[in-house]
Structures are given as C-alpha cells and as structure tokens.
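Visitor: See query.csv below, with CSV, C-alpha atoms.
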chain,number,residue,atom,x,y,z
A,1,MET,CA,-14.2,-18.4,9.2
A,2,ALA,CA,-10.5,-17.7,8.4
A,3,GLU,CA,-8.5,-15.5,10.6
A,4,ASP,CA,-7.3,-12.1,9.4
A,5,ARG,CA,-3.6,-13.2,9.5
A,6,GLU,CA,-4.4,-16.3,7.4
A,7,LEU,CA,-6.3,-14.1,4.9
A,8,ALA,CA,-3.5,-11.6,4.8
A,9,ALA,CA,-1.0,-14.3,4.2
A,10,ARG,CA,-3.1,-15.5,1.3
A,11,LEU,CA,-3.5,-12.0,0.0
A,12,LYS,CA,0.3,-11.6,0.1
A,13,ALA,CA,0.5,-14.6,-2.2
A,14,GLY,CA,-1.9,-12.8,-4.6
A,15,ASP,CA,-5.1,-14.6,-3.7
A,16,THR,CA,-8.0,-12.2,-4.6
A,17,GLU,CA,-10.5,-14.4,-2.8
A,18,ALA,CA,-8.8,-13.5,0.5
A,19,LEU,CA,-9.0,-9.8,-0.4
A,20,GLU,CA,-12.7,-10.2,-1.1
A,21,GLN,CA,-13.2,-11.8,2.4
A,22,LEU,CA,-11.1,-9.0,4.0
A,23,ILE,CA,-13.2,-6.4,2.2
A,24,THR,CA,-16.4,-8.0,3.4
A,25,ARG,CA,-15.1,-8.1,6.9
A,26,TRP,CA,-13.6,-4.6,7.2
A,27,ARG,CA,-15.3,-2.3,4.6
A,28,ALA,CA,-18.1,-1.1,6.8
A,29,GLY,CA,-15.9,-0.4,9.8
A,30,ALA,CA,-13.3,1.4,7.7
A,31,GLU,CA,-16.0,3.5,6.0
A,32,ALA,CA,-17.5,4.5,9.4
A,33,TYR,CA,-14.0,5.5,10.6
A,34,ALA,CA,-13.4,7.5,7.4
A,35,GLY,CA,-16.8,9.1,7.7
A,36,CYS,CA,-15.9,10.3,11.2
A,37,ILE,CA,-12.9,12.1,9.7
A,38,LEU,CA,-14.4,13.4,6.4
A,39,HIS,CA,-18.1,13.9,7.4
A,40,ASP,CA,-19.0,12.8,3.9
A,41,SER,CA,-20.2,9.3,3.2
A,42,GLN,CA,-19.4,9.3,-0.5
A,43,ALA,CA,-15.9,10.6,0.1
A,44,ALA,CA,-15.5,8.0,2.9
A,45,GLU,CA,-16.5,5.2,0.5
A,46,ASP,CA,-14.0,6.4,-2.0
A,47,ALA,CA,-11.2,6.7,0.6
A,48,VAL,CA,-11.8,3.1,1.8
A,49,GLN,CA,-11.8,1.8,-1.8
A,50,GLU,CA,-8.5,3.6,-2.5
A,51,ALA,CA,-7.1,2.2,0.8
A,52,PHE,CA,-7.9,-1.4,-0.2
A,53,ALA,CA,-6.2,-0.7,-3.6
A,54,ARG,CA,-3.1,0.7,-1.9
A,55,ILE,CA,-3.0,-2.4,0.4
A,56,TYR,CA,-3.3,-4.6,-2.7
A,57,ALA,CA,-0.4,-2.8,-4.2
A,58,PHE,CA,1.5,-3.2,-0.9
A,59,ARG,CA,0.5,-6.8,-0.4
A,60,THR,CA,4.0,-8.3,-0.6
A,61,GLY,CA,4.9,-6.1,2.3
A,62,LEU,CA,2.2,-7.5,4.6
A,63,ASP,CA,3.8,-9.3,7.6
A,64,GLY,CA,2.3,-11.5,10.2
A,65,GLN,CA,3.4,-9.2,13.0
A,66,CYS,CA,0.7,-6.6,12.5
A,67,SER,CA,-3.0,-7.2,11.9
A,68,PHE,CA,-4.6,-6.5,8.5
A,69,SER,CA,-6.9,-4.0,10.2
A,70,ALA,CA,-3.9,-2.0,11.5
A,71,TYR,CA,-2.6,-1.6,7.9
A,72,LEU,CA,-6.1,-0.8,6.6
A,73,PHE,CA,-7.0,1.9,9.2
A,74,THR,CA,-3.5,3.5,9.0
A,75,ILE,CA,-3.9,3.9,5.3
A,76,VAL,CA,-7.5,5.1,5.5
A,77,ARG,CA,-6.4,7.7,8.0
A,78,ARG,CA,-3.6,8.9,5.7
A,79,ILE,CA,-5.9,9.1,2.7
A,80,CYS,CA,-8.5,11.0,4.7
A,81,VAL,CA,-5.9,13.5,5.9
A,82,ASP,CA,-4.7,14.0,2.3
A,83,GLU,CA,-8.3,14.6,1.2
A,84,LEU,CA,-8.9,17.2,4.0
A,85,ARG,CA,-5.7,18.9,2.9
A,86,LYS,CA,-6.9,19.0,-0.7
A,87,ARG,CA,-10.1,20.6,0.4
A,88,LYS,CA,-8.1,23.1,2.4
A,89,ARG,CA,-10.4,22.7,5.3
A,90,PHE,CA,-7.6,21.2,7.4
A,91,PRO,CA,-4.3,22.6,6.1
A,92,ASP,CA,-2.2,21.7,9.1
A,93,LEU,CA,-1.3,18.3,10.4
A,94,PRO,CA,-4.2,16.8,12.3
A,95,GLY,CA,-4.1,16.9,16.0
A,96,GLU,CA,-7.6,15.8,16.9
A,97,LEU,CA,-8.4,13.0,14.5
A,98,PRO,CA,-10.3,10.1,15.9
A,99,GLU,CA,-8.0,7.2,16.7
A,100,PRO,CA,-8.5,4.0,14.6
A,101,PRO,CA,-10.5,1.3,16.4
A,102,VAL,CA,-7.5,-1.1,16.2
A,103,GLU,CA,-4.2,-1.4,17.9
A,104,SER,CA,-0.6,-0.8,16.7
A,105,ALA,CA,-1.6,1.3,13.7
A,106,GLU,CA,1.3,3.8,14.2
A,107,GLU,CA,3.7,0.9,14.6
A,108,VAL,CA,2.6,-0.4,11.2
A,109,TYR,CA,3.3,2.9,9.6
A,110,LEU,CA,6.7,3.3,11.2
A,111,ARG,CA,7.8,-0.2,10.3
A,112,ASN,CA,6.9,0.2,6.6
A,113,ARG,CA,7.2,3.9,6.3
A,114,GLU,CA,9.4,4.1,3.2
A,115,ARG,CA,7.3,1.7,1.1
A,116,LEU,CA,3.9,3.0,2.2
A,117,GLU,CA,5.1,6.6,1.7
A,118,ARG,CA,6.2,5.7,-1.9
A,119,ILE,CA,2.8,4.1,-2.6
A,120,HIS,CA,1.0,7.2,-1.2
A,121,LEU,CA,3.1,9.5,-3.3
A,122,LEU,CA,2.6,7.5,-6.5
A,123,ALA,CA,-1.1,7.4,-5.9
A,124,GLU,CA,-1.2,11.1,-5.7
A,125,LEU,CA,0.7,11.7,-9.0
A,126,GLU,CA,-1.2,13.4,-11.8
A,127,GLU,CA,-2.2,11.4,-14.9
A,128,THR,CA,0.5,13.1,-17.0
A,129,ASP,CA,3.2,12.4,-14.5
A,130,ARG,CA,2.2,8.8,-14.2
A,131,LYS,CA,2.4,8.3,-18.0
A,132,LEU,CA,5.8,10.1,-18.0
A,133,LEU,CA,7.2,8.0,-15.2
A,134,LEU,CA,6.1,4.8,-16.9
A,135,ALA,CA,7.4,5.8,-20.3
A,136,PHE,CA,10.7,7.0,-19.1
A,137,SER,CA,11.5,4.7,-16.3
A,138,LEU,CA,9.8,1.4,-17.1
A,139,GLU,CA,9.7,1.5,-21.0
A,140,GLY,CA,13.1,3.3,-21.2
A,141,LYS,CA,12.0,5.8,-23.9
A,142,PRO,CA,14.2,8.8,-24.5
A,143,THR,CA,12.7,12.2,-23.5
A,144,LYS,CA,12.5,13.4,-27.1
A,145,GLN,CA,10.3,10.4,-28.1
A,146,ILE,CA,8.1,10.9,-25.0
A,147,ALA,CA,7.7,14.6,-25.9
A,148,GLY,CA,6.6,13.7,-29.4
A,149,GLU,CA,4.1,11.1,-28.2
A,150,MET,CA,2.6,13.3,-25.5
A,151,LYS,CA,2.6,16.5,-27.5
A,152,MET,CA,5.0,18.3,-25.2
A,153,SER,CA,8.4,19.9,-25.7
A,154,ASP,CA,11.5,18.0,-24.7
A,155,GLY,CA,12.2,20.7,-22.1
A,156,GLN,CA,8.7,20.3,-20.5
A,157,VAL,CA,9.3,16.5,-20.3
A,158,ARG,CA,12.7,17.0,-18.7
A,159,VAL,CA,11.3,19.5,-16.2
A,160,ARG,CA,8.4,17.3,-15.2
A,161,LEU,CA,10.7,14.3,-14.8
A,162,HIS,CA,13.0,16.4,-12.6
A,163,ARG,CA,10.0,17.3,-10.5
A,164,ILE,CA,8.8,13.7,-10.2
A,165,ARG,CA,12.3,12.8,-9.1
A,166,GLY,CA,12.2,15.6,-6.5
A,167,LYS,CA,8.9,14.4,-5.2
A,168,LEU,CA,10.0,10.8,-4.9
A,169,ARG,CA,13.2,11.8,-3.2
A,170,LYS,CA,11.6,14.2,-0.8
A,171,GLY,CA,8.9,11.7,0.1
A,172,MET,CA,10.9,8.6,0.4
A,173,GLY,CA,14.1,10.0,1.8
A,174,ARG,CA,16.2,8.2,-0.7
A,175,ASP,CA,18.7,9.2,-3.4
A,176,ALA,CA,16.2,9.0,-6.2
B,1,MET,CA,-19.0,-9.7,-4.3
B,2,ARG,CA,-16.7,-10.1,-7.2
B,3,ASP,CA,-18.1,-7.1,-8.7
B,4,GLN,CA,-17.1,-3.7,-10.0
B,5,TYR,CA,-15.9,-2.6,-6.5
B,6,LEU,CA,-13.4,-5.5,-6.2
B,7,ASN,CA,-12.3,-5.3,-9.8
B,8,GLU,CA,-11.7,-1.6,-9.5
B,9,ILE,CA,-9.5,-2.2,-6.3
B,10,ILE,CA,-7.5,-4.8,-8.2
B,11,ARG,CA,-7.1,-2.6,-11.3
B,12,ARG,CA,-6.0,0.4,-9.2
B,13,GLY,CA,-3.7,-1.8,-7.0
B,14,ASN,CA,-2.0,-3.3,-10.0
B,15,GLU,CA,-1.6,0.2,-11.5
B,16,LEU,CA,0.1,1.4,-8.3
B,17,ALA,CA,2.3,-1.7,-8.2
B,18,VAL,CA,3.5,-1.0,-11.8
B,19,LEU,CA,4.1,2.7,-10.8
B,20,GLU,CA,6.2,1.5,-7.9
B,21,GLN,CA,8.3,-0.6,-10.1
B,22,ALA,CA,8.8,2.4,-12.4
B,23,ALA,CA,9.7,4.6,-9.4
B,24,LEU,CA,12.3,2.0,-8.2
B,25,ALA,CA,13.8,1.9,-11.7
B,26,PHE,CA,14.0,5.6,-12.0
B,27,PRO,CA,17.6,6.4,-12.9
B,28,LYS,CA,19.4,7.9,-9.9
B,29,LYS,CA,20.9,11.3,-10.1
B,30,ALA,CA,24.6,11.2,-9.6
B,31,SER,CA,25.6,12.5,-6.2
B,32,PRO,CA,28.4,15.1,-5.8
B,33,VAL,CA,30.7,12.3,-4.4
B,34,ARG,CA,30.3,10.3,-7.7
B,35,TRP,CA,31.1,13.5,-9.7
B,36,ILE,CA,34.3,13.9,-7.6
B,37,VAL,CA,35.3,10.3,-8.0
B,38,ALA,CA,34.7,10.5,-11.7
B,39,ALA,CA,36.7,13.7,-12.1
B,40,ALA,CA,39.6,12.2,-10.1
B,41,CYS,CA,39.5,9.1,-12.3
B,42,GLY,CA,39.5,11.3,-15.4
B,43,VAL,CA,42.5,13.4,-14.2
B,44,PHE,CA,44.4,10.2,-13.3
B,45,VAL,CA,43.8,8.7,-16.8
B,46,MET,CA,44.9,12.0,-18.4
B,47,ILE,CA,48.0,12.4,-16.2
B,48,PHE,CA,49.2,8.8,-15.8
B,49,PRO,CA,50.5,8.4,-19.4
B,50,SER,CA,52.4,11.7,-19.2
B,51,VAL,CA,54.0,10.7,-15.9
B,52,CYS,CA,55.0,7.4,-17.3
B,53,THR,CA,56.4,9.1,-20.4
B,54,ALA,CA,58.4,11.6,-18.3
B,55,HIS,CA,59.7,8.8,-16.1
B,56,ALA,CA,60.8,6.8,-19.1
B,57,PHE,CA,62.5,9.9,-20.6
B,58,PHE,CA,64.5,10.6,-17.4
B,59,GLN,CA,65.5,7.0,-17.2
B,60,MET,CA,66.9,7.2,-20.7
B,61,ILE,CA,69.0,10.3,-20.0
Produce structure tokens that represent the structure in this file.

Guide:
Amino acid sequence: MAEDRELAARLKAGDTEALEQLITRWRAGAEAYAGCILHDSQAAEDAVQEAFARIYAFRTGLDGQCSFSAYLFTIVRRICVDELRKRKRFPDLPGELPEPPVESAEEVYLRNRERLERIHLLAELEETDRKLLLAFSLEGKPTKQIAGEMKMSDGQVRVRLHRIRGKLRKGMGRDA
Amino acid sequence: MRDQYLNEIIRRGNELAVLEQAALAFPKKASPVRWIVAAACGVFVMIFPSVCTAHAFFQMI
C-alpha cells in the first residue's frame, strides 16, 4: 500500500485516484475526531467532506515536509470551530478542543497560513458573493452589467464587492 | 468508491480553486502611497512645461 507522502505527491499532481485512497484511509478517523468536537455525527461527516474538498483546492500547496493527516486534521478542526461559532454554542476561541491524533498540525497551519486562510474565507462566502466575485474579478464584467444580470442596483453590487475586498484583506493580511 | 461522495469533493474543490483564482485577480485598491506618487507625478507634469517656458523666456531677455 502506498505511503501517505506518495499519495499526497500524486494528489498534488491532480491524481484523483490518490485522493480516493487517502479518503479511504483517513475518513473514519477524521469523522471520529470531528464528532468529538461537534457531538453530531451528520455534521461531522459534512465537516470531513468539506475538509477533503478544501484540501483538494489546496492540493498544489501540499509539501513533503508535513504529513497529509496533519493537513487534514488541521482543516477539520478549523471547519468544526467555524461550525460551532455559527451555532453560537461556542462563540469564543476554543481552549479545550481535543488535540488532533497526528503530529505537527499547528506547524502545517502556520507554514501555509495565508493560503489556507484564503480558502477558508472563500468557502464561507455566501452564494451571491461568490457569483459577484467570479463575475467581477474573473470574468471582468463591469458592475453595471453584473447589477443587471443579478437584479441588483449598481450601488448594491459596489457595496458587496467592497465588503468582499474587506473580508479578503482582513483574513489574508494582504493589500487586497 | 468513485461515487457521489468523491465527486462532490472534487466538484467543491474545483469550485474553491476557481474562487481562489478570482480572489487573487481581485483588483487591488490603490494605497495612499500610490495616490501621493500619482499626485506628485500629476503636479510635475503640470508644472514642468511652465518652468521650461519661464526659463526659455528669461534666457531670451
């Protein structure tokens, strides 16, 4: 059976078979860990699925210095904390969360902080904001055209874009 | 296991990757330093011809 590092290297190159093997290997453990935090098996399954998706989005940033499980559990933990915050059961930063059953998880986060933070922020964007970001930034449409297509006023589009910029800048610590 | 679970992960992962590209391409807001540099350039462009004209005039007289 292939090592995690080998599978991660293949995943980095876009091999979905490698992702499939990593899911088979780590899904149950990650769901158990998420379940310990969320105390809700369905939410834990959703959190782990979302974590695999974020890793897939982040795959080009995977390096051989940290294990795949360290990335996975760090991201699962982050998603679970965000979920608890949404439920307002745990409004403050966690102080007593269970530690991931892998090593170097914090190191992974610190090393890739900016990119992981960007992916977390984008994953949390509302549907309308996602569409706006894509239309304005990637497709290069003017705000008036976007406003017409999305049945909003030009002012509303500009305000939302301004807020998206603010969120990205605040979260990523860059001059967005 | 190439089922709905894996396909959903790939779909969502690709969606996030595209959003990341969009975020990186988001036009940057000009910083105050850029505004100051632009203003200084503008002033220079406005004043420079006048200075040259005045200099030429005084050379003539």

Visitor: Do you know which residues are at most 12 Å from Val159 (chain A) counting only C-alpha atoms, after dropping those on the same chain fewer than 4 positions away, and could you put them as a list in words?

Guide: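 My list of contacting residues is Asp129, Leu132, Thr143, Ala147, Met152, Ser153, Asp154, Gly155, Arg163, Ile164, Arg165 and Gly166 of chain A.
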
Visitor: Could you list, with a cut-off of 9 Å and counting only C-alpha atoms, the residues of chain A near chain B, each shown with its nearest atom pair and the distance in Å rounded to one decimal, rows sorted by chain and ascending number, as JSON lines?

Guide:
{"residue": "A:Thr16", "atom": "CA", "partner": "B:Ile10", "partner_atom": "CA", "distance": 8.2}
{"residue": "A:Glu17", "atom": "CA", "partner": "B:Arg2", "partner_atom": "CA", "distance": 8.7}
{"residue": "A:Leu19", "atom": "CA", "partner": "B:Leu6", "partner_atom": "CA", "distance": 8.5}
{"residue": "A:Glu20", "atom": "CA", "partner": "B:Leu6", "partner_atom": "CA", "distance": 7.0}
{"residue": "A:Ile23", "atom": "CA", "partner": "B:Leu6", "partner_atom": "CA", "distance": 8.5}
{"residue": "A:Thr24", "atom": "CA", "partner": "B:Met1", "partner_atom": "CA", "distance": 8.3}
{"residue": "A:Gln49", "atom": "CA", "partner": "B:Ile9", "partner_atom": "CA", "distance": 6.4}
{"residue": "A:Glu50", "atom": "CA", "partner": "B:Ile9", "partner_atom": "CA", "distance": 7.0}
{"residue": "A:Ala51", "atom": "CA", "partner": "B:Ile9", "partner_atom": "CA", "distance": 8.7}
{"residue": "A:Phe52", "atom": "CA", "partner": "B:Ile9", "partner_atom": "CA", "distance": 6.4}
{"residue": "A:Ala53", "atom": "CA", "partner": "B:Gly13", "partner_atom": "CA", "distance": 4.4}
{"residue": "A:Arg54", "atom": "CA", "partner": "B:Gly13", "partner_atom": "CA", "distance": 5.7}
{"residue": "A:Ile55", "atom": "CA", "partner": "B:Gly13", "partner_atom": "CA", "distance": 7.5}
{"residue": "A:Tyr56", "atom": "CA", "partner": "B:Gly13", "partner_atom": "CA", "distance": 5.1}
{"residue": "A:Ala57", "atom": "CA", "partner": "B:Gly13", "partner_atom": "CA", "distance": 4.4}
{"residue": "A:Phe58", "atom": "CA", "partner": "B:Ala17", "partner_atom": "CA", "distance": 7.5}
{"residue": "A:Arg118", "atom": "CA", "partner": "B:Glu20", "partner_atom": "CA", "distance": 7.3}
{"residue": "A:Ile119", "atom": "CA", "partner": "B:Glu20", "partner_atom": "CA", "distance": 6.8}
{"residue": "A:Leu122", "atom": "CA", "partner": "B:Leu19", "partner_atom": "CA", "distance": 6.6}
{"residue": "A:Ala123", "atom": "CA", "partner": "B:Leu16", "partner_atom": "CA", "distance": 6.6}
{"residue": "A:Arg130", "atom": "CA", "partner": "B:Leu19", "partner_atom": "CA", "distance": 7.2}
{"residue": "A:Leu133", "atom": "CA", "partner": "B:Ala22", "partner_atom": "CA", "distance": 6.5}
{"residue": "A:Leu134", "atom": "CA", "partner": "B:Ala22", "partner_atom": "CA", "distance": 5.8}
{"residue": "A:Ala135", "atom": "CA", "partner": "B:Ala22", "partner_atom": "CA", "distance": 8.7}
{"residue": "A:Phe136", "atom": "CA", "partner": "B:Phe26", "partner_atom": "CA", "distance": 8.0}
{"residue": "A:Ser137", "atom": "CA", "partner": "B:Phe26", "partner_atom": "CA", "distance": 5.1}
{"residue": "A:Leu138", "atom": "CA", "partner": "B:Ala22", "partner_atom": "CA", "distance": 4.9}
{"residue": "A:Glu139", "atom": "CA", "partner": "B:Ala22", "partner_atom": "CA", "distance": 8.7}
{"residue": "A:Arg165", "atom": "CA", "partner": "B:Phe26", "partner_atom": "CA", "distance": 7.9}
{"residue": "A:Leu168", "atom": "CA", "partner": "B:Ala23", "partner_atom": "CA", "distance": 7.7}
{"residue": "A:Asp175", "atom": "CA", "partner": "B:Lys28", "partner_atom": "CA", "distance": 6.7}
{"residue": "A:Ala176", "atom": "CA", "partner": "B:Lys28", "partner_atom": "CA", "distance": 5.0}

Visitor: As number ranges by chain, please: the residues near Phe68 (chain A) (cut-off 8 Å, all atoms listed in the file, same-chain neighbours under 3 positions excluded).

Guide: A: 4-5, 8, 62, 71-72

Visitor: Do you have the CA of Val51 (chain B)-CA of Trp35 (chain B) distance handy?

Guide: 23.9 Å

Visitor: If you measure from CA of Ser41 (chain A) to CA of Glu126 (chain A), what distance in Å do you get, rounded to one decimal?

Guide: 24.6 Å

Visitor: Measure the distance from CA of Cys66 (chain A) to CA of Glu6 (chain A) in Å and round it to one decimal.

Guide: 12.1 Å

Visitor: When distances are computed from only C-alpha atoms, which of A:Glu99, A:Leu116, A:Val76, A:Gln145 shows the smallest separation from Trp26 (chain A)?

Guide: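 Distance minimum relative to Trp26 (chain A) lands on A:Val76.
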
Visitor: Using only C-alpha atoms, pick whichever of A:His120, A:Arg25, A:Leu11, A:Arg85 has the shortest atom-to-atom distance to Thr60 (chain A).

Guide: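 Once distances to Thr60 (chain A) are computed over only C-alpha atoms, the minimum belongs to A:Leu11.
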
Visitor: Give the answer as one residue: which of A:His39, A:Arg77, A:Arg169, A:Lys12 has the shortest atom-to-atom distance to Gly61 (chain A), using only C-alpha atoms?

Guide: A:Lys12

Visitor: Reconstruct region 14-46 of chain A at the level of N, CA and C atoms, and format the result as a JSON list (two decimals), in the coordinates of the input.

Guide:
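Listing of selection-v7.json after writing:
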[["chain", "number", "residue", "atom", "x", "y", "z"],
["A", 14, "GLY", "N", -1.14, -13.24, -3.42],
["A", 14, "GLY", "CA", -1.90, -12.80, -4.60],
["A", 14, "GLY", "C", -3.29, -13.40, -4.73],
["A", 15, "ASP", "N", -3.80, -13.96, -3.64],
["A", 15, "ASP", "CA", -5.10, -14.60, -3.70],
["A", 15, "ASP", "C", -6.22, -13.48, -3.52],
["A", 16, "THR", "N", -6.96, -13.25, -4.61],
["A", 16, "THR", "CA", -8.00, -12.20, -4.60],
["A", 16, "THR", "C", -9.22, -12.61, -3.79],
["A", 17, "GLU", "N", -9.42, -13.93, -3.63],
["A", 17, "GLU", "CA", -10.50, -14.40, -2.80],
["A", 17, "GLU", "C", -10.34, -13.92, -1.35],
["A", 18, "ALA", "N", -9.09, -13.96, -0.90],
["A", 18, "ALA", "CA", -8.80, -13.50, 0.50],
["A", 18, "ALA", "C", -9.04, -12.01, 0.58],
["A", 19, "LEU", "N", -8.69, -11.27, -0.47],
["A", 19, "LEU", "CA", -9.00, -9.80, -0.40],
["A", 19, "LEU", "C", -10.47, -9.59, -0.35],
["A", 20, "GLU", "N", -11.21, -10.37, -1.09],
["A", 20, "GLU", "CA", -12.70, -10.20, -1.10],
["A", 20, "GLU", "C", -13.23, -10.46, 0.33],
["A", 21, "GLN", "N", -12.70, -11.47, 1.01],
["A", 21, "GLN", "CA", -13.20, -11.80, 2.40],
["A", 21, "GLN", "C", -12.77, -10.63, 3.34],
["A", 22, "LEU", "N", -11.58, -10.11, 3.16],
["A", 22, "LEU", "CA", -11.10, -9.00, 4.00],
["A", 22, "LEU", "C", -11.98, -7.76, 3.78],
["A", 23, "ILE", "N", -12.34, -7.53, 2.53],
["A", 23, "ILE", "CA", -13.20, -6.40, 2.20],
["A", 23, "ILE", "C", -14.55, -6.55, 2.91],
["A", 24, "THR", "N", -15.11, -7.73, 2.77],
["A", 24, "THR", "CA", -16.40, -8.00, 3.40],
["A", 24, "THR", "C", -16.36, -7.76, 4.90],
["A", 25, "ARG", "N", -15.25, -8.16, 5.49],
["A", 25, "ARG", "CA", -15.10, -8.10, 6.90],
["A", 25, "ARG", "C", -14.87, -6.63, 7.42],
["A", 26, "TRP", "N", -14.07, -5.87, 6.69],
["A", 26, "TRP", "CA", -13.60, -4.60, 7.20],
["A", 26, "TRP", "C", -14.15, -3.34, 6.54],
["A", 27, "ARG", "N", -14.83, -3.50, 5.40],
["A", 27, "ARG", "CA", -15.30, -2.30, 4.60],
["A", 27, "ARG", "C", -16.16, -1.39, 5.46],
["A", 28, "ALA", "N", -17.16, -1.95, 6.11],
["A", 28, "ALA", "CA", -18.10, -1.10, 6.80],
["A", 28, "ALA", "C", -17.43, -0.33, 7.96],
["A", 29, "GLY", "N", -16.59, -1.03, 8.73],
["A", 29, "GLY", "CA", -15.90, -0.40, 9.80],
["A", 29, "GLY", "C", -14.96, 0.73, 9.36],
["A", 30, "ALA", "N", -14.27, 0.43, 8.25],
["A", 30, "ALA", "CA", -13.30, 1.40, 7.70],
["A", 30, "ALA", "C", -14.09, 2.64, 7.17],
["A", 31, "GLU", "N", -15.24, 2.39, 6.54],
["A", 31, "GLU", "CA", -16.00, 3.50, 6.00],
["A", 31, "GLU", "C", -16.59, 4.36, 7.15],
["A", 32, "ALA", "N", -16.96, 3.70, 8.23],
["A", 32, "ALA", "CA", -17.50, 4.50, 9.40],
["A", 32, "ALA", "C", -16.35, 5.33, 9.96],
["A", 33, "TYR", "N", -15.15, 4.76, 10.03],
["A", 33, "TYR", "CA", -14.00, 5.50, 10.60],
["A", 33, "TYR", "C", -13.68, 6.71, 9.63],
["A", 34, "ALA", "N", -13.64, 6.44, 8.32],
["A", 34, "ALA", "CA", -13.40, 7.50, 7.40],
["A", 34, "ALA", "C", -14.46, 8.58, 7.41],
["A", 35, "GLY", "N", -15.71, 8.14, 7.62],
["A", 35, "GLY", "CA", -16.80, 9.10, 7.70],
["A", 35, "GLY", "C", -16.68, 10.00, 8.92],
["A", 36, "CYS", "N", -16.12, 9.46, 10.02],
["A", 36, "CYS", "CA", -15.90, 10.30, 11.20],
["A", 36, "CYS", "C", -14.89, 11.41, 10.92],
["A", 37, "ILE", "N", -13.95, 11.14, 10.03],
["A", 37, "ILE", "CA", -12.90, 12.10, 9.70],
["A", 37, "ILE", "C", -13.43, 13.11, 8.65],
["A", 38, "LEU", "N", -14.05, 12.55, 7.60],
["A", 38, "LEU", "CA", -14.40, 13.40, 6.40],
["A", 38, "LEU", "C", -15.80, 14.01, 6.54],
["A", 39, "HIS", "N", -16.67, 13.41, 7.32],
["A", 39, "HIS", "CA", -18.10, 13.90, 7.40],
["A", 39, "HIS", "C", -18.73, 13.91, 6.05],
["A", 40, "ASP", "N", -18.45, 12.90, 5.25],
["A", 40, "ASP", "CA", -19.00, 12.80, 3.90],
["A", 40, "ASP", "C", -18.99, 11.37, 3.49],
["A", 41, "SER", "N", -20.18, 10.76, 3.40],
["A", 41, "SER", "CA", -20.20, 9.30, 3.20],
["A", 41, "SER", "C", -19.67, 8.87, 1.86],
["A", 42, "GLN", "N", -19.90, 9.65, 0.80],
["A", 42, "GLN", "CA", -19.40, 9.30, -0.50],
["A", 42, "GLN", "C", -17.85, 9.34, -0.53],
["A", 43, "ALA", "N", -17.32, 10.42, 0.06],
["A", 43, "ALA", "CA", -15.90, 10.60, 0.10],
["A", 43, "ALA", "C", -15.26, 9.44, 0.99],
["A", 44, "ALA", "N", -15.98, 9.07, 2.04],
["A", 44, "ALA", "CA", -15.50, 8.00, 2.90],
["A", 44, "ALA", "C", -15.44, 6.67, 2.15],
["A", 45, "GLU", "N", -16.46, 6.39, 1.34],
["A", 45, "GLU", "CA", -16.50, 5.20, 0.50],
["A", 45, "GLU", "C", -15.29, 5.16, -0.44],
["A", 46, "ASP", "N", -15.07, 6.31, -1.08],
["A", 46, "ASP", "CA", -14.00, 6.40, -2.00],
["A", 46, "ASP", "C", -12.62, 6.21, -1.35]]
